[in-house]
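File shown here: upload_37.cif, holding mmCIF, C-alpha atoms.
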data_input
loop_
_atom_site.group_PDB
_atom_site.id
_atom_site.type_symbol
_atom_site.label_atom_id
_atom_site.label_comp_id
_atom_site.auth_asym_id
_atom_site.auth_seq_id
_atom_site.Cartn_x
_atom_site.Cartn_y
_atom_site.Cartn_z
ATOM 1 C CA MET A 1 22.678 -58.018 29.313
ATOM 2 C CA SER A 2 21.626 -57.090 32.815
ATOM 3 C CA ILE A 3 19.096 -54.425 31.862
ATOM 4 C CA SER A 4 16.361 -56.931 31.055
ATOM 5 C CA GLN A 5 16.784 -58.709 34.368
ATOM 6 C CA THR A 6 16.697 -55.556 36.439
ATOM 7 C CA VAL A 7 13.757 -53.940 34.669
ATOM 8 C CA GLU A 8 11.298 -56.388 36.139
ATOM 9 C CA THR A 9 12.579 -56.162 39.689
ATOM 10 C CA ALA A 10 13.064 -52.408 39.818
ATOM 11 C CA SER A 11 10.751 -50.673 42.209
ATOM 12 C CA ASP A 12 9.389 -47.226 41.482
ATOM 13 C CA SER A 13 11.359 -45.526 44.211
ATOM 14 C CA SER A 14 13.555 -42.812 42.778
ATOM 15 C CA GLY A 15 16.759 -43.869 44.551
ATOM 16 C CA SER A 16 16.686 -47.369 43.182
ATOM 17 C CA GLU A 17 16.062 -46.122 39.651
ATOM 18 C CA PHE A 18 19.080 -43.839 39.937
ATOM 19 C CA ARG A 19 21.233 -46.672 41.297
ATOM 20 C CA ARG A 20 20.041 -48.961 38.511
ATOM 21 C CA GLY A 21 21.280 -46.374 36.020
ATOM 22 C CA VAL A 22 24.677 -46.063 37.709
ATOM 23 C CA ALA A 23 25.042 -49.857 37.866
ATOM 24 C CA SER A 24 24.236 -50.411 34.203
ATOM 25 C CA CYS A 25 26.759 -47.742 33.244
ATOM 26 C CA ALA A 26 29.578 -49.196 35.372
ATOM 27 C CA PRO A 27 31.030 -51.525 32.700
ATOM 28 C CA VAL A 28 31.091 -48.643 30.223
ATOM 29 C CA LEU A 29 32.995 -46.456 32.690
ATOM 30 C CA LEU A 30 35.877 -48.931 32.693
ATOM 31 C CA GLY A 31 36.297 -48.461 28.963
ATOM 32 C CA THR A 32 36.167 -44.680 29.325
ATOM 33 C CA ILE A 33 38.973 -44.224 31.827
ATOM 34 C CA PRO A 34 41.873 -45.104 29.450
ATOM 35 C CA TYR A 35 40.593 -42.531 26.941
ATOM 36 C CA ALA A 36 40.276 -39.941 29.682
ATOM 37 C CA LEU A 37 43.883 -40.537 30.714
ATOM 38 C CA VAL A 38 45.102 -40.268 27.106
ATOM 39 C CA LEU A 39 43.199 -36.999 26.698
ATOM 40 C CA GLY A 40 44.866 -35.673 29.843
ATOM 41 C CA ALA A 41 48.307 -36.584 28.534
ATOM 42 C CA GLN A 42 47.671 -35.104 25.069
ATOM 43 C CA ALA A 43 46.303 -31.879 26.526
ATOM 44 C CA THR A 44 49.388 -31.541 28.718
ATOM 45 C CA GLN A 45 51.614 -31.929 25.652
ATOM 46 C CA LYS A 46 49.695 -29.144 23.915
ATOM 47 C CA GLY A 47 50.225 -26.862 26.869
ATOM 48 C CA LEU A 48 46.727 -26.828 28.316
ATOM 49 C CA SER A 49 46.669 -26.395 32.066
ATOM 50 C CA THR A 50 44.819 -28.759 34.365
ATOM 51 C CA VAL A 51 42.203 -26.082 35.006
ATOM 52 C CA GLU A 52 41.675 -25.492 31.290
ATOM 53 C CA LEU A 53 41.283 -29.194 30.547
ATOM 54 C CA SER A 54 38.868 -29.584 33.454
ATOM 55 C CA MET A 55 36.803 -26.725 32.078
ATOM 56 C CA MET A 56 36.723 -28.373 28.666
ATOM 57 C CA THR A 57 35.694 -31.808 29.942
ATOM 58 C CA GLY A 58 33.253 -30.291 32.419
ATOM 59 C CA LEU A 59 31.536 -27.764 30.135
ATOM 60 C CA ASN A 60 31.781 -29.520 26.776
ATOM 61 C CA PHE A 61 31.584 -33.155 27.978
ATOM 62 C CA ALA A 62 31.926 -34.804 24.569
ATOM 63 C CA GLY A 63 35.052 -36.914 24.256
ATOM 64 C CA GLY A 64 35.280 -37.207 20.485
ATOM 65 C CA SER A 65 35.206 -33.459 19.963
ATOM 66 C CA GLU A 66 37.688 -32.919 22.791
ATOM 67 C CA PHE A 67 40.233 -35.250 21.188
ATOM 68 C CA ALA A 68 39.704 -33.472 17.869
ATOM 69 C CA ALA A 69 40.090 -30.050 19.511
ATOM 70 C CA ILE A 70 43.258 -31.038 21.367
ATOM 71 C CA GLN A 71 44.838 -32.408 18.192
ATOM 72 C CA LEU A 72 44.068 -29.142 16.390
ATOM 73 C CA TRP A 73 45.153 -27.048 19.347
ATOM 74 C CA THR A 74 47.768 -24.387 18.699
ATOM 75 C CA SER A 75 48.818 -21.416 20.760
ATOM 76 C CA PRO A 76 46.721 -19.336 20.296
ATOM 77 C CA PRO A 77 44.009 -21.748 19.088
ATOM 78 C CA HIS A 78 42.135 -21.309 15.777
ATOM 79 C CA ILE A 79 38.815 -20.606 17.437
ATOM 80 C CA LEU A 80 36.545 -20.955 14.404
ATOM 81 C CA LEU A 81 38.197 -24.151 13.185
ATOM 82 C CA ILE A 82 37.963 -25.820 16.579
ATOM 83 C CA VAL A 83 34.366 -24.744 17.164
ATOM 84 C CA ALA A 84 33.338 -25.900 13.666
ATOM 85 C CA ILE A 85 35.001 -29.299 14.123
ATOM 86 C CA THR A 86 33.351 -29.583 17.539
ATOM 87 C CA PHE A 87 29.974 -29.016 15.911
ATOM 88 C CA LEU A 88 30.668 -31.556 13.161
ATOM 89 C CA VAL A 89 31.872 -34.265 15.536
ATOM 90 C CA ASN A 90 28.917 -33.680 17.854
ATOM 91 C CA SER A 91 26.257 -33.253 15.183
ATOM 92 C CA ARG A 92 25.246 -36.885 15.827
ATOM 93 C CA HIS A 93 23.636 -35.547 19.019
ATOM 94 C CA LEU A 94 20.978 -33.918 16.817
ATOM 95 C CA LEU A 95 19.861 -37.326 15.605
ATOM 96 C CA MET A 96 20.184 -38.859 19.067
ATOM 97 C CA GLY A 97 18.039 -36.156 20.647
ATOM 98 C CA ALA A 98 15.461 -36.580 17.890
ATOM 99 C CA ALA A 99 15.291 -40.336 18.513
ATOM 100 C CA LEU A 100 14.818 -39.678 22.222
ATOM 101 C CA ALA A 101 12.209 -36.927 21.752
ATOM 102 C CA PRO A 102 9.102 -39.189 21.623
ATOM 103 C CA PHE A 103 10.022 -40.597 25.044
ATOM 104 C CA LEU A 104 10.456 -37.134 26.573
ATOM 105 C CA ARG A 105 7.039 -35.739 25.548
ATOM 106 C CA ASP A 106 5.435 -36.031 28.974
ATOM 107 C CA LEU A 107 8.325 -34.498 30.866
ATOM 108 C CA PRO A 108 8.448 -30.753 31.634
ATOM 109 C CA ARG A 109 10.915 -28.697 29.613
ATOM 110 C CA ARG A 110 12.583 -27.322 32.738
ATOM 111 C CA LYS A 111 13.733 -30.873 33.483
ATOM 112 C CA VAL A 112 14.489 -32.004 29.926
ATOM 113 C CA PHE A 113 16.801 -29.137 28.950
ATOM 114 C CA PRO A 114 19.157 -29.583 31.923
ATOM 115 C CA ALA A 115 19.040 -33.380 31.519
ATOM 116 C CA LEU A 116 20.021 -33.098 27.852
ATOM 117 C CA PHE A 117 23.264 -31.379 28.880
ATOM 118 C CA PHE A 118 24.347 -34.854 30.024
ATOM 119 C CA LEU A 119 23.367 -36.557 26.764
ATOM 120 C CA CYS A 120 26.306 -38.621 25.535
ATOM 121 C CA ASP A 121 26.595 -41.787 23.448
ATOM 122 C CA GLU A 122 26.527 -43.951 26.546
ATOM 123 C CA SER A 123 23.727 -42.305 28.544
ATOM 124 C CA TRP A 124 21.655 -42.042 25.367
ATOM 125 C CA ALA A 125 22.122 -45.686 24.371
ATOM 126 C CA LEU A 126 21.411 -46.971 27.888
ATOM 127 C CA GLY A 127 18.432 -44.667 28.434
ATOM 128 C CA LEU A 128 16.866 -45.449 25.079
ATOM 129 C CA ALA A 129 17.421 -49.227 25.368
ATOM 130 C CA ASP A 130 15.917 -49.159 28.865
ATOM 131 C CA ALA A 131 12.896 -47.151 27.663
ATOM 132 C CA LYS A 132 12.262 -49.611 24.833
ATOM 133 C CA GLN A 133 12.497 -52.593 27.179
ATOM 134 C CA ARG A 134 10.169 -50.964 29.683
ATOM 135 C CA ALA A 135 7.713 -50.173 26.892
ATOM 136 C CA ALA A 136 7.876 -53.791 25.695
ATOM 137 C CA ALA A 137 7.312 -55.011 29.273
ATOM 138 C CA GLY A 138 4.320 -52.715 29.626
ATOM 139 C CA ILE A 139 5.888 -50.511 32.292
ATOM 140 C CA GLY A 140 4.784 -46.918 32.021
ATOM 141 C CA PRO A 141 6.112 -44.326 31.585
ATOM 142 C CA ALA A 142 8.668 -46.023 29.360
ATOM 143 C CA PHE A 143 11.480 -43.523 29.842
ATOM 144 C CA SER A 144 12.902 -43.468 33.345
ATOM 145 C CA PRO A 145 14.513 -40.039 33.919
ATOM 146 C CA ARG A 146 16.280 -41.148 37.080
ATOM 147 C CA TYR A 147 17.742 -44.221 35.405
ATOM 148 C CA TYR A 148 19.018 -41.966 32.615
ATOM 149 C CA MET A 149 20.467 -39.460 35.081
ATOM 150 C CA GLY A 150 22.178 -42.244 37.044
ATOM 151 C CA ALA A 151 23.956 -43.449 33.918
ATOM 152 C CA ALA A 152 24.630 -39.907 32.687
ATOM 153 C CA LEU A 153 26.054 -38.538 35.949
ATOM 154 C CA ALA A 154 28.270 -41.607 36.432
ATOM 155 C CA MET A 155 29.622 -40.970 32.944
ATOM 156 C CA TYR A 156 30.019 -37.241 33.548
ATOM 157 C CA LEU A 157 31.901 -37.620 36.817
ATOM 158 C CA THR A 158 34.205 -40.254 35.330
ATOM 159 C CA TRP A 159 35.006 -38.132 32.289
ATOM 160 C CA PHE A 160 35.375 -34.936 34.301
ATOM 161 C CA SER A 161 37.569 -36.335 37.047
ATOM 162 C CA SER A 162 39.820 -38.800 35.191
ATOM 163 C CA PRO A 163 41.905 -36.520 32.979
ATOM 164 C CA ARG A 164 43.096 -34.496 35.922
ATOM 165 C CA SER A 165 44.305 -37.600 37.650
ATOM 166 C CA ALA A 166 46.380 -38.605 34.625
ATOM 167 C CA PRO A 167 49.852 -39.603 35.740
ATOM 168 C CA CYS A 168 51.231 -36.632 33.849
ATOM 169 C CA SER A 169 48.751 -33.819 34.099
ATOM 170 C CA GLY A 170 50.248 -30.498 35.071
ATOM 171 C CA ARG A 171 53.874 -30.989 35.954
ATOM 172 C CA CYS A 172 55.542 -34.034 34.560
ATOM 173 C CA SER A 173 58.990 -34.953 33.376
ATOM 174 C CA ALA A 174 59.604 -34.668 29.641
ATOM 175 C CA MET A 175 60.741 -38.271 29.618
ATOM 176 C CA SER A 176 57.492 -39.873 30.660
ATOM 177 C CA ARG A 177 55.240 -37.790 28.407
ATOM 178 C CA PRO A 178 55.642 -39.636 25.090
ATOM 179 C CA MET A 179 55.234 -42.940 26.897
ATOM 180 C CA VAL A 180 51.928 -41.997 28.395
ATOM 181 C CA SER A 181 50.545 -40.550 25.204
ATOM 182 C CA THR A 182 51.340 -43.544 23.020
ATOM 183 C CA TRP A 183 51.296 -46.582 25.246
ATOM 184 C CA PRO A 184 49.116 -48.568 24.896
ATOM 185 C CA PHE A 185 45.977 -46.653 23.967
ATOM 186 C CA ARG A 186 46.104 -44.534 20.852
ATOM 187 C CA PRO A 187 42.769 -42.914 20.195
ATOM 188 C CA SER A 188 43.434 -42.804 16.460
ATOM 189 C CA SER A 189 39.767 -43.433 15.792
ATOM 190 C CA TRP A 190 38.557 -40.266 17.416
ATOM 191 C CA CYS A 191 38.771 -37.909 14.522
ATOM 192 C CA MET B 1 46.488 -20.597 34.666
ATOM 193 C CA ILE B 2 43.606 -19.780 32.291
ATOM 194 C CA ASP B 3 44.365 -18.118 28.973
ATOM 195 C CA ARG B 4 41.608 -15.791 27.769
ATOM 196 C CA THR B 5 41.531 -17.121 24.192
ATOM 197 C CA THR B 6 41.536 -20.678 25.507
ATOM 198 C CA LEU B 7 38.640 -19.888 27.811
ATOM 199 C CA PHE B 8 36.725 -18.266 24.953
ATOM 200 C CA THR B 9 37.309 -21.302 22.707
ATOM 201 C CA ILE B 10 36.195 -23.730 25.396
ATOM 202 C CA VAL B 11 33.031 -21.773 26.160
ATOM 203 C CA LEU B 12 32.147 -21.655 22.456
ATOM 204 C CA MET B 13 32.818 -25.398 22.121
ATOM 205 C CA ALA B 14 30.536 -26.044 25.081
ATOM 206 C CA GLY B 15 27.875 -23.803 23.545
ATOM 207 C CA VAL B 16 27.715 -25.519 20.147
ATOM 208 C CA THR B 17 27.872 -28.943 21.812
ATOM 209 C CA TYR B 18 24.886 -28.091 24.005
ATOM 210 C CA LEU B 19 23.001 -26.837 20.943
ATOM 211 C CA THR B 20 23.547 -30.221 19.237
ATOM 212 C CA ARG B 21 22.249 -31.930 22.378
ATOM 213 C CA ILE B 22 19.000 -29.974 22.605
ATOM 214 C CA GLY B 23 18.493 -29.446 18.848
ATOM 215 C CA GLY B 24 16.827 -32.744 17.987
ATOM 216 C CA TYR B 25 14.490 -32.568 20.966
ATOM 217 C CA ALA B 26 13.656 -28.886 20.468
ATOM 218 C CA VAL B 27 12.653 -29.448 16.836
ATOM 219 C CA LEU B 28 10.654 -32.647 17.323
ATOM 220 C CA ARG B 29 9.133 -31.906 20.738
ATOM 221 C CA ASN B 30 5.691 -30.851 19.513
ATOM 222 C CA ARG B 31 5.657 -32.497 16.103
ATOM 223 C CA VAL B 32 3.443 -35.363 15.137
ATOM 224 C CA LEU B 33 5.613 -37.555 12.936
ATOM 225 C CA SER B 34 4.500 -39.296 9.780
ATOM 226 C CA ALA B 35 4.841 -43.065 9.588
ATOM 227 C CA ARG B 36 7.848 -42.644 7.343
ATOM 228 C CA ALA B 37 9.579 -40.222 9.734
ATOM 229 C CA THR B 38 8.818 -42.526 12.662
ATOM 230 C CA ALA B 39 10.467 -45.407 10.807
ATOM 231 C CA VAL B 40 13.540 -43.246 10.175
ATOM 232 C CA MET B 41 13.694 -42.290 13.855
ATOM 233 C CA GLU B 42 13.449 -45.916 14.901
ATOM 234 C CA ALA B 43 16.307 -46.877 12.593
ATOM 235 C CA ALA B 44 18.474 -43.962 13.715
ATOM 236 C CA PRO B 45 19.849 -45.330 17.028
ATOM 237 C CA GLY B 46 21.483 -48.385 15.471
ATOM 238 C CA CYS B 47 23.006 -46.297 12.683
ATOM 239 C CA VAL B 48 24.372 -43.710 15.109
ATOM 240 C CA LEU B 49 25.967 -46.322 17.359
ATOM 241 C CA ILE B 50 27.591 -48.119 14.430
ATOM 242 C CA SER B 51 28.964 -44.833 13.079
ATOM 243 C CA VAL B 52 30.447 -44.066 16.499
ATOM 244 C CA ILE B 53 32.293 -47.373 16.849
ATOM 245 C CA ALA B 54 32.953 -48.382 13.218
ATOM 246 C CA PRO B 55 35.945 -46.039 12.640
ATOM 247 C CA ALA B 56 37.834 -48.052 15.254
ATOM 248 C CA PHE B 57 37.355 -51.168 13.122
ATOM 249 C CA VAL B 58 39.129 -49.607 10.117
ATOM 250 C CA SER B 59 42.659 -50.292 11.180
ATOM 251 C CA ARG B 60 45.796 -51.704 9.617
ATOM 252 C CA ASN B 61 47.279 -52.430 12.976
ATOM 253 C CA PRO B 62 47.304 -56.221 13.513
ATOM 254 C CA ALA B 63 47.117 -55.719 17.279
ATOM 255 C CA ASP B 64 43.917 -53.688 16.927
ATOM 256 C CA LEU B 65 42.327 -56.173 14.543
ATOM 257 C CA LEU B 66 43.208 -59.106 16.778
ATOM 258 C CA ALA B 67 41.826 -57.287 19.833
ATOM 259 C CA LEU B 68 38.680 -56.494 17.855
ATOM 260 C CA ALA B 69 38.218 -60.171 16.956
ATOM 261 C CA ILE B 70 38.742 -61.273 20.557
ATOM 262 C CA THR B 71 36.295 -58.651 21.836
ATOM 263 C CA PHE B 72 33.743 -59.582 19.181
ATOM 264 C CA ILE B 73 33.857 -63.237 20.203
ATOM 265 C CA ALA B 74 33.606 -62.230 23.868
ATOM 266 C CA ALA B 75 30.582 -60.007 23.110
ATOM 267 C CA THR B 76 28.673 -62.913 21.540
ATOM 268 C CA ARG B 77 29.180 -65.108 24.604
ATOM 269 C CA LEU B 78 29.544 -62.902 27.665
ATOM 270 C CA SER B 79 27.706 -60.033 29.315
ATOM 271 C CA MET B 80 28.873 -56.432 29.091
ATOM 272 C CA LEU B 81 31.276 -56.197 32.058
ATOM 273 C CA PRO B 82 33.530 -59.167 31.174
ATOM 274 C CA THR B 83 33.400 -58.116 27.514
ATOM 275 C CA VAL B 84 34.653 -54.619 28.347
ATOM 276 C CA LEU B 85 37.382 -56.002 30.598
ATOM 277 C CA ILE B 86 38.528 -58.458 27.918
ATOM 278 C CA GLY B 87 38.418 -55.700 25.279
ATOM 279 C CA ILE B 88 40.578 -53.294 27.296
ATOM 280 C CA ALA B 89 43.031 -55.975 28.411
ATOM 281 C CA SER B 90 43.444 -57.520 24.952
ATOM 282 C CA ALA B 91 43.906 -54.118 23.256
ATOM 283 C CA GLY B 92 46.441 -52.990 25.835
ATOM 284 C CA LEU B 93 48.453 -56.222 25.887
ATOM 285 C CA LEU B 94 48.423 -56.780 22.114
ATOM 286 C CA ARG B 95 49.446 -53.201 21.370
ATOM 287 C CA HIS B 96 52.236 -53.493 23.902
ATOM 288 C CA PHE B 97 53.624 -56.782 22.566
ATOM 289 C CA ILE B 98 52.763 -56.629 18.845
ATOM 290 C CA GLY B 99 52.712 -52.845 18.377
#
Target encoding structure tokens, full file:
Amino acid sequence: MSISQTVETASDSSGSEFRRGVASCAPVLLGTIPYALVLGAQATQKGLSTVELSMMTGLNFAGGSEFAAIQLWTSPPHILLIVAITFLVNSRHLLMGAALAPFLRDLPRRKVFPALFFLCDESWALGLADAKQRAAAGIGPAFSPRYYMGAALAMYLTWFSSPRSAPCSGRCSAMSRPMVSTWPFRPSSWC
Amino acid sequence: MIDRTTLFTIVLMAGVTYLTRIGGYAVLRNRVLSARATAVMEAAPGCVLISVIAPAFVSRNPADLLALAITFIAATRLSMLPTVLIGIASAGLLRHFIG
């Protein structure tokens, strides 16, 4: 993997750390886009508007729970059921944040709490793996906040902007809808 | 364009999701962990990642299983970018042709 090669050469300048984070996240983004498009198509079928879906992906930013919510979506939605399922699906974040906590000790809270809004499976895994490699290589501090934010913001922007650009979001012919939602990516594993 | 109940649901979803994100950090921020707890925390990342991806492995769909095998072989030989590309392409093509 490219992380180990880039750790040694990375300079301390903040811009390059951020870019290193974006670059290491790039392969993951490719795998995210199909799911984002499927979510867009499913949300359209359930009658969510483009604005509503954008609000969900932008404010909630947790794909698994969004797929679960969309599949449970009715009009009007069962608020408690959807919120409870959202909590259950995302409860893994509790463990992820706990695993990250030792690396965040030296950072001020006013930076950590906003940064944790962007905690997702991908930014967490990349940030934690990078911190462990830096610690093993003797680079201090081990956790690089700008590397983490580079990966996290790349992920956020991809997830936030893709569903709206789904071929069907908003106004689409009834004919093409089932095609988009079933071919070829079925996120059956999401809930 | 925005239904009030929908907006309320989305805001609540976002709220509980953010609480899960800050919860682990908020609880452990000032704690000194025992050796046992530290060992648990060090084992946690691998367990979490497996639990995120493992449900996708439990499939009866031959196309999915074949794509999984191809991606697994690719992951043992190639770096992340070609692995992801091969994984997406094989899943898409196999699902299209095999179902």
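Using the PyMOL selection byres ((chain A and resi 59) around 10) on this structure selects A:Leu53, A:Ser54, A:Met55, A:Met56, A:Thr57, A:Gly58, A:Asn60, A:Phe61, A:Ala62, A:Phe117, A:Phe160, B:Ile10, B:Val11, B:Leu12, B:Met13, B:Ala14, B:Gly15, B:Thr17, B:Tyr18.
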key: Output of the PyMOL selection byres ((chain B) within 7 of (chain A)), listed as a PyMOL selection string   = chain B and resi 1-2+5-6+9-10+12-14+16-18+20-25+28-29+41-42+44-45+48+55-56+79-81+84+88+92+95-96
At what distance in Å, to one decimal, does CA of Thr38 (chain B) lie from CA of Asp130 (chain A)?
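Interatomic distance, CA of Asp130 (chain A) to CA of Thr38 (chain B): 18.9 Å.
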Computed gap from CA of Leu39 (chain A) to CA of Ser123 (chain A) is 20.3 Å
Apply the PyMOL selection byres ((chain A and resi 15) around 12) to the file shown and report the selected residues as a compact mmCIF listing (two decimals) with C-alpha atoms, in the coordinates of the input.
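Everything below was put into part-v9.txt:
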# COMPACT_ATOMS: atom_id res chain seq x y z
CA ALA A 10 13.06 -52.41 39.82
CA SER A 11 10.75 -50.67 42.21
CA ASP A 12 9.39 -47.23 41.48
CA SER A 13 11.36 -45.53 44.21
CA SER A 14 13.56 -42.81 42.78
CA SER A 16 16.69 -47.37 43.18
CA GLU A 17 16.06 -46.12 39.65
CA PHE A 18 19.08 -43.84 39.94
CA ARG A 19 21.23 -46.67 41.30
CA ARG A 20 20.04 -48.96 38.51
CA GLY A 21 21.28 -46.37 36.02
CA VAL A 22 24.68 -46.06 37.71
CA SER A 144 12.90 -43.47 33.34
CA PRO A 145 14.51 -40.04 33.92
CA ARG A 146 16.28 -41.15 37.08
CA TYR A 147 17.74 -44.22 35.40
CA MET A 149 20.47 -39.46 35.08
CA GLY A 150 22.18 -42.24 37.04
With 3 Å of padding per side, what axis-aligned box (centre and edge lengths, Å, one decimal) covers all the listed atoms of region 45-59 of chain A? Give it as AutoDock Vina command-line options.
--center_x 41.6 --center_y -28.7 --center_z 29.5 --size_x 26.1 --size_y 12.4 --size_z 17.1
Exercise. Mind giving me the straight-line distance from CA of Ile33 (chain A) to CA of Leu157 (chain A) in Å, one decimal?
Key: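 Separation between CA of Ile33 (chain A) and CA of Leu157 (chain A): 10.9 Å.
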For region 50-64 of chain B, supply N, CA, C and O atoms and format the output as a PDB file, in the frame of the given file.
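Written out: out_24.pdb:
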ATOM      1  N   ILE B  50      26.610 -47.508  15.332  1.00  0.00           N
ATOM      2  CA  ILE B  50      27.591 -48.119  14.430  1.00  0.00           C
ATOM      3  C   ILE B  50      28.584 -47.069  13.931  1.00  0.00           C
ATOM      4  O   ILE B  50      29.790 -47.304  13.872  1.00  0.00           O
ATOM      5  N   SER B  51      28.063 -45.864  13.599  1.00  0.00           N
ATOM      6  CA  SER B  51      28.964 -44.833  13.079  1.00  0.00           C
ATOM      7  C   SER B  51      29.934 -44.337  14.149  1.00  0.00           C
ATOM      8  O   SER B  51      31.007 -43.832  13.832  1.00  0.00           O
ATOM      9  N   VAL B  52      29.544 -44.481  15.426  1.00  0.00           N
ATOM     10  CA  VAL B  52      30.447 -44.066  16.499  1.00  0.00           C
ATOM     11  C   VAL B  52      31.583 -45.072  16.653  1.00  0.00           C
ATOM     12  O   VAL B  52      32.741 -44.701  16.833  1.00  0.00           O
ATOM     13  N   ILE B  53      31.255 -46.379  16.553  1.00  0.00           N
ATOM     14  CA  ILE B  53      32.293 -47.373  16.849  1.00  0.00           C
ATOM     15  C   ILE B  53      33.007 -47.889  15.599  1.00  0.00           C
ATOM     16  O   ILE B  53      34.139 -48.353  15.691  1.00  0.00           O
ATOM     17  N   ALA B  54      32.363 -47.785  14.418  1.00  0.00           N
ATOM     18  CA  ALA B  54      32.953 -48.382  13.218  1.00  0.00           C
ATOM     19  C   ALA B  54      34.336 -47.838  12.851  1.00  0.00           C
ATOM     20  O   ALA B  54      35.184 -48.619  12.412  1.00  0.00           O
ATOM     21  N   PRO B  55      34.606 -46.519  13.013  1.00  0.00           N
ATOM     22  CA  PRO B  55      35.945 -46.039  12.640  1.00  0.00           C
ATOM     23  C   PRO B  55      37.079 -46.802  13.331  1.00  0.00           C
ATOM     24  O   PRO B  55      38.160 -46.960  12.768  1.00  0.00           O
ATOM     25  N   ALA B  56      36.799 -47.309  14.536  1.00  0.00           N
ATOM     26  CA  ALA B  56      37.834 -48.052  15.254  1.00  0.00           C
ATOM     27  C   ALA B  56      38.121 -49.395  14.582  1.00  0.00           C
ATOM     28  O   ALA B  56      39.177 -49.987  14.797  1.00  0.00           O
ATOM     29  N   PHE B  57      37.153 -49.877  13.783  1.00  0.00           N
ATOM     30  CA  PHE B  57      37.355 -51.168  13.122  1.00  0.00           C
ATOM     31  C   PHE B  57      38.262 -51.028  11.897  1.00  0.00           C
ATOM     32  O   PHE B  57      38.822 -52.001  11.435  1.00  0.00           O
ATOM     33  N   VAL B  58      38.324 -49.821  11.325  1.00  0.00           N
ATOM     34  CA  VAL B  58      39.129 -49.607  10.117  1.00  0.00           C
ATOM     35  C   VAL B  58      40.563 -49.349  10.553  1.00  0.00           C
ATOM     36  O   VAL B  58      40.966 -48.230  10.774  1.00  0.00           O
ATOM     37  N   SER B  59      41.307 -50.416  10.679  1.00  0.00           N
ATOM     38  CA  SER B  59      42.659 -50.292  11.180  1.00  0.00           C
ATOM     39  C   SER B  59      43.565 -51.238  10.421  1.00  0.00           C
ATOM     40  O   SER B  59      43.145 -52.305   9.989  1.00  0.00           O
ATOM     41  N   ARG B  60      44.824 -50.808  10.245  1.00  0.00           N
ATOM     42  CA  ARG B  60      45.796 -51.704   9.617  1.00  0.00           C
ATOM     43  C   ARG B  60      46.675 -52.341  10.670  1.00  0.00           C
ATOM     44  O   ARG B  60      47.559 -53.120  10.355  1.00  0.00           O
ATOM     45  N   ASN B  61      46.436 -51.945  11.891  1.00  0.00           N
ATOM     46  CA  ASN B  61      47.279 -52.430  12.976  1.00  0.00           C
ATOM     47  C   ASN B  61      46.838 -53.843  13.366  1.00  0.00           C
ATOM     48  O   ASN B  61      45.713 -54.044  13.810  1.00  0.00           O
ATOM     49  N   PRO B  62      47.708 -54.846  13.196  1.00  0.00           N
ATOM     50  CA  PRO B  62      47.304 -56.221  13.513  1.00  0.00           C
ATOM     51  C   PRO B  62      46.869 -56.378  14.969  1.00  0.00           C
ATOM     52  O   PRO B  62      45.946 -57.150  15.256  1.00  0.00           O
ATOM     53  N   ALA B  63      47.500 -55.618  15.871  1.00  0.00           N
ATOM     54  CA  ALA B  63      47.117 -55.719  17.279  1.00  0.00           C
ATOM     55  C   ALA B  63      45.667 -55.284  17.471  1.00  0.00           C
ATOM     56  O   ALA B  63      44.897 -55.929  18.177  1.00  0.00           O
ATOM     57  N   ASP B  64      45.286 -54.185  16.798  1.00  0.00           N
ATOM     58  CA  ASP B  64      43.917 -53.688  16.927  1.00  0.00           C
ATOM     59  C   ASP B  64      42.919 -54.690  16.358  1.00  0.00           C
ATOM     60  O   ASP B  64      41.867 -54.948  16.945  1.00  0.00           O
TER      61      ASP B  64
END
